[in-house]
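Engineer: target.csv is reproduced below (CSV, C-alpha atoms and all ligand atoms).
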```
chain,number,residue,atom,x,y,z
A,1244,MET,CA,0.0,0.0,0.0
A,1245,LYS,CA,1.1,3.6,-0.6
A,1246,SER,CA,2.3,5.8,2.3
A,1247,PHE,CA,-0.3,7.5,4.6
A,1248,GLN,CA,0.7,10.9,3.2
A,1249,GLU,CA,0.2,9.7,-0.4
A,1250,LEU,CA,-3.2,8.2,0.4
A,1251,LEU,CA,-4.3,11.3,2.2
A,1252,LYS,CA,-3.3,13.5,-0.7
A,1253,GLU,CA,-5.4,11.3,-3.1
A,1254,SER,CA,-8.4,11.3,-0.8
A,1255,VAL,CA,-8.2,15.1,-0.3
A,1256,SER,CA,-8.1,15.6,-4.0
A,1257,ALA,CA,-11.1,13.3,-4.6
A,1258,HIS,CA,-13.1,14.7,-1.6
A,1259,GLY,CA,-12.4,18.4,-2.4
A,1260,HIS,CA,-10.9,19.6,0.9
A,1261,ILE,CA,-8.8,18.5,3.7
A,1262,CYS,CA,-10.7,17.8,6.9
A,1263,ALA,CA,-10.5,15.7,10.1
A,1264,GLY,CA,-12.7,13.1,8.3
A,1265,GLN,CA,-10.1,12.6,5.5
A,1266,VAL,CA,-7.4,11.9,8.1
A,1267,LEU,CA,-9.7,9.5,10.1
A,1268,GLY,CA,-11.0,7.8,7.0
A,1269,VAL,CA,-7.6,7.1,5.5
A,1270,ARG,CA,-6.2,5.8,8.8
A,1271,MET,CA,-9.4,3.7,9.4
A,1272,ALA,CA,-9.0,2.2,5.9
A,1273,ILE,CA,-5.3,1.4,6.3
A,1274,LEU,CA,-5.9,-0.3,9.6
A,1275,GLY,CA,-9.0,-2.1,8.3
A,1276,CYS,CA,-7.1,-3.5,5.3
A,1277,HIS,CA,-4.2,-4.7,7.5
A,1278,LEU,CA,-6.6,-6.3,10.0
A,1279,VAL,CA,-8.3,-8.4,7.3
A,1280,GLY,CA,-5.1,-9.3,5.5
A,1281,ILE,CA,-5.5,-7.2,2.4
A,1282,GLU,CA,-2.2,-5.4,1.9
A,1283,ASN,CA,-3.1,-3.5,-1.2
A,1284,PRO,CA,-6.9,-3.3,-1.9
A,1285,LYS,CA,-6.4,-1.7,-5.3
A,1286,ASP,CA,-4.0,-4.4,-6.6
A,1287,LYS,CA,-5.6,-6.8,-9.1
A,1288,LEU,CA,-4.8,-9.6,-6.8
A,1289,PHE,CA,-7.3,-8.3,-4.3
A,1290,ARG,CA,-10.0,-7.2,-6.8
A,1291,LYS,CA,-13.5,-7.6,-5.2
A,1292,LYS,CA,-12.0,-9.4,-2.3
A,1293,LEU,CA,-12.8,-6.6,0.1
A,1294,ILE,CA,-16.2,-5.3,1.1
A,1295,VAL,CA,-16.6,-2.3,3.4
A,1296,TYR,CA,-19.7,-1.4,5.3
A,1297,VAL,CA,-19.8,2.3,6.2
A,1298,GLU,CA,-22.2,3.6,8.9
A,1299,ILE,CA,-22.3,7.3,8.1
A,1300,ASP,CA,-22.5,9.4,4.9
A,1301,ARG,CA,-20.0,12.0,5.9
A,1302,CYS,CA,-16.4,13.0,5.1
A,1303,ALA,CA,-14.6,9.9,6.2
A,1304,THR,CA,-16.7,7.7,3.9
A,1305,ASP,CA,-15.1,9.4,0.9
A,1306,ALA,CA,-11.6,8.7,2.3
A,1307,ILE,CA,-12.4,5.0,2.8
A,1308,ALA,CA,-13.6,4.8,-0.8
A,1309,SER,CA,-10.5,6.5,-2.0
A,1310,VAL,CA,-8.0,4.2,-0.1
A,1311,THR,CA,-9.8,0.9,-0.7
A,1312,GLY,CA,-11.3,1.5,-4.2
A,1313,CYS,CA,-14.6,0.1,-2.8
A,1314,GLN,CA,-17.6,1.6,-4.5
A,1315,LEU,CA,-21.4,1.4,-4.2
A,1316,GLY,CA,-21.5,0.8,-7.9
A,1317,LYS,CA,-19.2,-2.2,-7.6
A,1318,ARG,CA,-21.2,-3.5,-4.7
A,1319,THR,CA,-18.0,-3.5,-2.6
A,1320,MET,CA,-19.2,-0.6,-0.4
A,1321,LYS,CA,-22.4,-1.0,1.6
A,1322,PHE,CA,-24.1,1.9,3.3
A,1323,LYS,CA,-25.8,1.3,6.7
A,1324,ASP,CA,-27.4,4.6,7.8
A,1325,PHE,CA,-26.5,4.3,11.5
A,1326,GLY,CA,-25.1,7.8,12.0
A,1327,ILE,CA,-22.0,6.3,13.6
A,1328,ASN,CA,-18.4,7.1,12.6
A,1329,ALA,CA,-17.6,3.4,12.0
A,1330,ALA,CA,-16.8,1.0,9.2
A,1331,THR,CA,-16.5,-2.7,8.9
A,1332,PHE,CA,-13.9,-4.3,6.6
A,1333,VAL,CA,-14.6,-7.8,5.3
A,1334,ASN,CA,-12.2,-10.1,3.5
A,1335,LEU,CA,-14.5,-12.2,1.2
A,1336,ASP,CA,-12.0,-15.0,0.9
A,1337,THR,CA,-11.4,-15.6,4.6
A,1338,ARG,CA,-14.6,-14.0,5.9
A,1339,ILE,CA,-12.4,-12.3,8.5
A,1340,ALA,CA,-14.2,-9.0,9.4
A,1341,TYR,CA,-13.3,-6.1,11.7
A,1342,ARG,CA,-15.5,-3.2,12.7
A,1343,ILE,CA,-13.5,0.0,13.5
A,1344,ILE,CA,-15.2,2.8,15.5
A,1345,SER,CA,-13.8,6.3,15.7
A,1346,THR,CA,-13.5,7.1,19.5
A,1347,GLU,CA,-15.3,10.2,20.9
A,1348,ASN,CA,-12.5,11.0,23.3
A,1349,SER,CA,-9.9,11.3,20.4
A,1350,ARG,CA,-11.1,14.9,20.2
A,1351,GLU,CA,-9.9,15.6,23.7
A,1352,TYR,CA,-6.4,14.3,22.9
A,1353,ALA,CA,-6.0,16.0,19.5
A,1354,HIS,CA,-4.2,19.1,20.9
A,1355,GLN,CA,-1.6,16.9,22.7
A,1356,TYR,CA,-0.6,15.5,19.3
A,1357,ALA,CA,-0.6,18.9,17.6
A,1358,PRO,CA,0.6,21.4,20.2
A,1359,GLU,CA,1.7,24.0,17.7
A,1360,GLU,CA,-1.9,24.3,16.3
A,1361,THR,CA,-4.2,26.9,17.7
A,1362,THR,CA,-7.6,26.0,16.3
A,1363,LEU,CA,-9.6,22.8,17.1
A,1364,ARG,CA,-10.0,22.1,13.4
A,1365,GLN,CA,-6.2,22.1,12.8
A,1366,GLN,CA,-5.6,20.3,16.0
A,1367,GLN,CA,-7.8,17.5,14.7
A,1368,ILE,CA,-6.4,17.5,11.2
A,1369,VAL,CA,-2.8,17.3,12.4
A,1370,GLY,CA,-3.4,15.5,15.8
A,1371,TYR,CA,-5.3,12.6,14.1
A,1372,GLN,CA,-2.3,12.0,11.8
A,1373,HIS,CA,0.0,11.4,14.8
A,1374,MET,CA,-2.3,9.8,17.4
A,1375,PRO,CA,-1.8,6.1,18.0
A,1376,ASP,CA,-4.5,3.8,16.7
A,1377,SER,CA,-5.4,2.8,20.3
A,1378,LEU,CA,-6.6,6.3,21.1
A,1379,LEU,CA,-8.2,7.0,17.7
A,1380,PHE,CA,-10.2,3.7,17.3
A,1381,ASP,CA,-12.0,1.0,19.1
A,1382,VAL,CA,-11.8,-2.3,17.2
A,1383,GLN,CA,-14.3,-5.3,17.2
A,1384,ARG,CA,-13.8,-8.6,15.5
A,1385,VAL,CA,-17.2,-9.3,14.0
A,1386,GLN,CA,-19.1,-11.9,11.9
A,1387,ILE,CA,-21.1,-10.9,8.9
A,1388,SER,CA,-23.6,-13.0,7.0
A,1389,LEU,CA,-23.4,-11.7,3.5
A,1390,PRO,CA,-26.5,-12.6,1.6
A,1391,GLU,CA,-25.9,-14.0,-1.9
A,1392,ASN,CA,-28.0,-11.1,-3.3
A,1393,ASP,CA,-25.6,-8.6,-1.8
A,1394,MET,CA,-22.5,-10.0,-3.3
A,1395,PRO,CA,-20.6,-8.4,-6.2
A,1396,GLY,CA,-21.2,-9.8,-9.7
A,1397,PRO,CA,-24.3,-9.9,-11.9
A,1398,PRO,CA,-27.8,-10.1,-10.3
A,1399,LYS,CA,-28.7,-13.7,-9.5
A,1400,HIS,CA,-32.3,-13.0,-8.9
A,1401,HIS,CA,-35.0,-10.8,-10.3
A,1402,THR,CA,-38.8,-10.7,-9.9
A,1403,ILE,CA,-41.7,-8.6,-11.3
A,1404,CYS,CA,-43.8,-6.3,-9.1
A,1405,ASP,CA,-47.4,-7.6,-9.1
A,1406,CYS,CA,-48.7,-4.1,-8.9
A,1407,CYS,CA,-46.8,-2.0,-11.5
A,1408,GLY,CA,-44.7,-4.6,-13.5
A,1409,GLN,CA,-41.4,-3.1,-12.5
A,1410,ILE,CA,-38.5,-5.6,-12.5
A,1411,VAL,CA,-36.8,-5.7,-9.1
A,1412,ARG,CA,-33.3,-7.2,-8.9
A,1413,ASP,CA,-31.3,-8.7,-6.1
A,1414,GLY,CA,-34.2,-9.9,-4.0
A,1415,LYS,CA,-35.2,-6.4,-2.9
A,1416,GLU,CA,-38.9,-7.0,-3.5
A,1417,ILE,CA,-41.4,-6.9,-0.6
A,1418,GLN,CA,-43.8,-9.7,0.1
A,1419,CYS,CA,-47.2,-8.2,1.2
A,1420,GLY,CA,-49.6,-11.1,1.8
A,1421,ASN,CA,-50.0,-12.9,-1.5
A,1422,GLU,CA,-48.5,-10.0,-3.4
A,1423,THR,CA,-44.9,-9.4,-4.4
A,1424,LEU,CA,-44.2,-5.7,-4.6
A,1425,CYS,CA,-41.5,-3.3,-5.6
A,1426,ARG,CA,-40.7,-0.8,-2.7
A,1427,PRO,CA,-42.4,2.2,-4.4
A,1428,CYS,CA,-45.6,0.1,-4.5
A,1429,SER,CA,-45.3,-0.9,-0.9
A,1430,ASP,CA,-45.3,1.5,2.0
A,1431,LYS,CA,-41.5,1.3,2.1
A,1432,SER,CA,-40.9,4.1,-0.5
A,1433,TYR,CA,-38.8,7.2,0.1
A,1434,PHE,CA,-40.8,9.4,-2.2
A,1435,LYS,CA,-44.4,10.4,-3.0
A,1436,ILE,CA,-45.3,11.1,-6.7
A,1437,ILE,CA,-46.6,14.6,-7.3
A,1438,ASP,CA,-49.8,14.9,-9.5
A,1439,PRO,CA,-48.7,16.2,-12.9
A,1440,GLN,CA,-51.6,18.7,-12.6
A,1441,GLU,CA,-49.6,20.4,-9.8
A,1442,LEU,CA,-46.4,20.9,-11.8
A,1443,SER,CA,-45.4,24.4,-12.8
A,1444,GLN,CA,-45.8,25.4,-16.5
A,1445,SER,CA,-42.0,25.7,-17.0
A,1446,ALA,CA,-41.6,22.1,-15.6
A,1447,VAL,CA,-44.3,20.9,-18.0
A,1448,ASN,CA,-42.7,22.7,-20.9
A,1449,PHE,CA,-39.3,21.3,-20.2
A,1450,LEU,CA,-40.7,17.7,-19.8
A,1451,ASN,CA,-42.6,18.1,-23.1
A,1452,SER,CA,-39.5,19.4,-24.9
A,1453,ARG,CA,-37.8,16.1,-23.9
A,1454,GLY,CA,-40.8,14.0,-24.9
A,1455,LEU,CA,-41.3,13.0,-21.3
A,1501,ZN,ZN,-14.6,16.8,4.5
A,1502,ZN,ZN,-44.4,-1.8,-8.2
```
Any chance you could give the structure as structure tokens?
Ligand SMILES: [Zn+2]
Ligand SMILES: [Zn+2]
Structural biologist:
Amino acid sequence: MKSFQELLKESVSAHGHICAGQVLGVRMAILGCHLVGIENPKDKLFRKKLIVYVEIDRCATDAIASVTGCQLGKRTMKFKDFGINAATFVNLDTRIAYRIISTENSREYAHQYAPEETTLRQQQIVGYQHMPDSLLFDVQRVQISLPENDMPGPPKHHTICDCCGQIVRDGKEIQCGNETLCRPCSDKSYFKIIDPQELSQSAVNFLNSRGL
């Protein structure tokens, strides 16, 4: 694996700014890869051997993606919306998995590892680079049952919604009594369709211009 500084530089460039989250995320990813025995996650040898579960959609997640090369679109990054600064690294060959949690009290120690910095932000950015793993993180050895439908590779299963006819891949349909439904047709949807009558004239004109 590249050096910490090289990896940080890459993640800052992909993320758009330097922040404490980039430092934490890069360190978390380096530690996670070592713990599960993946020395260079971007090497061909380890392609699709690593899956990372992230538990928050904030800065550190971008750093973890940058270091590991794990991506939602490759099904190698899974998002669990827990609001916790933590990530779990899984080696698909050995099934060894470690969950790494960013400690809350690392904030209190940051200034000790960056005595020359005067702002909390800089103390965290610099301090987190020098703080030992034992202060920065808690580590748990965990077991993960990875459903076949969540694995990388082409979809192994698809079904058709009884209500709207939409094809649903990867076993993500919902069984409601006798009916098999897509999530938008069940009560599990994240959106509500707006009646076209309520759209503004400019929206209607734009949609019409695109034939939609
Ligand atoms: Zn950031
Ligand atoms: Zn449907």
Engineer: For ligand ZN 1502 (chain A), which of A:Leu1450, A:Cys1404, A:Val1411, A:Met1271 is the closest residue, counting all atoms listed in the file?
Structural biologist: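 Closest to ligand ZN 1502 (chain A) of all the choices is A:Cys1404.
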Engineer: Within 7 Å of ligand ZN 1502 (chain A), counting only C-alpha atoms and all ligand atoms, which protein or nucleic acid residues do you find, written as a ChimeraX atom specification?
Structural biologist: /A:1404-1409,1424-1428
Engineer: Store the residues picked out above in a file with C-alpha atoms, as an mmCIF file, in the coordinates of the input.
Structural biologist:
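The new file again_32.cif reads:
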```cif
data_model
loop_
_atom_site.group_PDB
_atom_site.id
_atom_site.type_symbol
_atom_site.label_atom_id
_atom_site.label_comp_id
_atom_site.auth_asym_id
_atom_site.auth_seq_id
_atom_site.Cartn_x
_atom_site.Cartn_y
_atom_site.Cartn_z
ATOM 1 C CA CYS A 1404 -43.800 -6.300 -9.100
ATOM 2 C CA ASP A 1405 -47.400 -7.600 -9.100
ATOM 3 C CA CYS A 1406 -48.700 -4.100 -8.900
ATOM 4 C CA CYS A 1407 -46.800 -2.000 -11.500
ATOM 5 C CA GLY A 1408 -44.700 -4.600 -13.500
ATOM 6 C CA GLN A 1409 -41.400 -3.100 -12.500
ATOM 7 C CA LEU A 1424 -44.200 -5.700 -4.600
ATOM 8 C CA CYS A 1425 -41.500 -3.300 -5.600
ATOM 9 C CA ARG A 1426 -40.700 -0.800 -2.700
ATOM 10 C CA PRO A 1427 -42.400 2.200 -4.400
ATOM 11 C CA CYS A 1428 -45.600 0.100 -4.500
#
```
Engineer: Using all atoms listed in the file, which residue out of A:Lys1399, A:His1258, A:Arg1270, A:Lys1435 lies closest to ligand ZN 1501 (chain A)?
Structural biologist: A:His1258
Engineer: Of the candidates A:Asp1305, A:Asp1381, A:Glu1253, A:Glu1298, which one gets nearest to ligand ZN 1501 (chain A) if we count all atoms listed in the file?
Structural biologist: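 Looking only at the distances to ligand ZN 1501 (chain A), the closest residue turns out to be A:Asp1305.
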Engineer: I'd like the contact shell of A:Tyr1371 - 8 Å cut-off, only C-alpha atoms, skipping same-chain residues fewer than 3 positions apart - returned as a list in words.
Structural biologist: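 Answer for this query is Ala1263, Val1266, Leu1267, Ser1349, Ala1353, Tyr1356, Gln1366, Gln1367, Ile1368, Met1374 and Leu1379 of chain A.
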Engineer: Given the choices A:Thr1423, A:Ser1256, A:Ser1246, A:Thr1331, which gets closest to ligand ZN 1501 (chain A) if the distance is worked out from only C-alpha atoms and all ligand atoms?
Structural biologist: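 When distances to ligand ZN 1501 (chain A) are compared using only C-alpha atoms and all ligand atoms, the smallest one comes from A:Ser1256.
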Engineer: Hey, which residues sit close to ligand ZN 1501 (chain A)? Say within 7 Å, counting all atoms listed in the file, and write them as an NGL selection string.
Structural biologist: :A and (1258 or 1260-1262 or 1264-1265 or 1302)
Engineer: For stretch 1440-1446 of chain A, list every protein, DNA or RNA residue within 12 Å, evaluated using all atoms listed in the file, and leave out those in the same chain fewer than 6 positions away; present the list as a list in words.
Structural biologist: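 Skipping anything fewer than 6 positions along the chain leaves Ser1452, Arg1453 and Leu1455 of chain A.
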Engineer: Between A:Ala1303, A:Lys1431, A:Glu1422, A:Val1279, which is the closest to A:Gln1383 once you count all atoms listed in the file?
Structural biologist: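 Of all the options, A:Val1279 lies closest to A:Gln1383.
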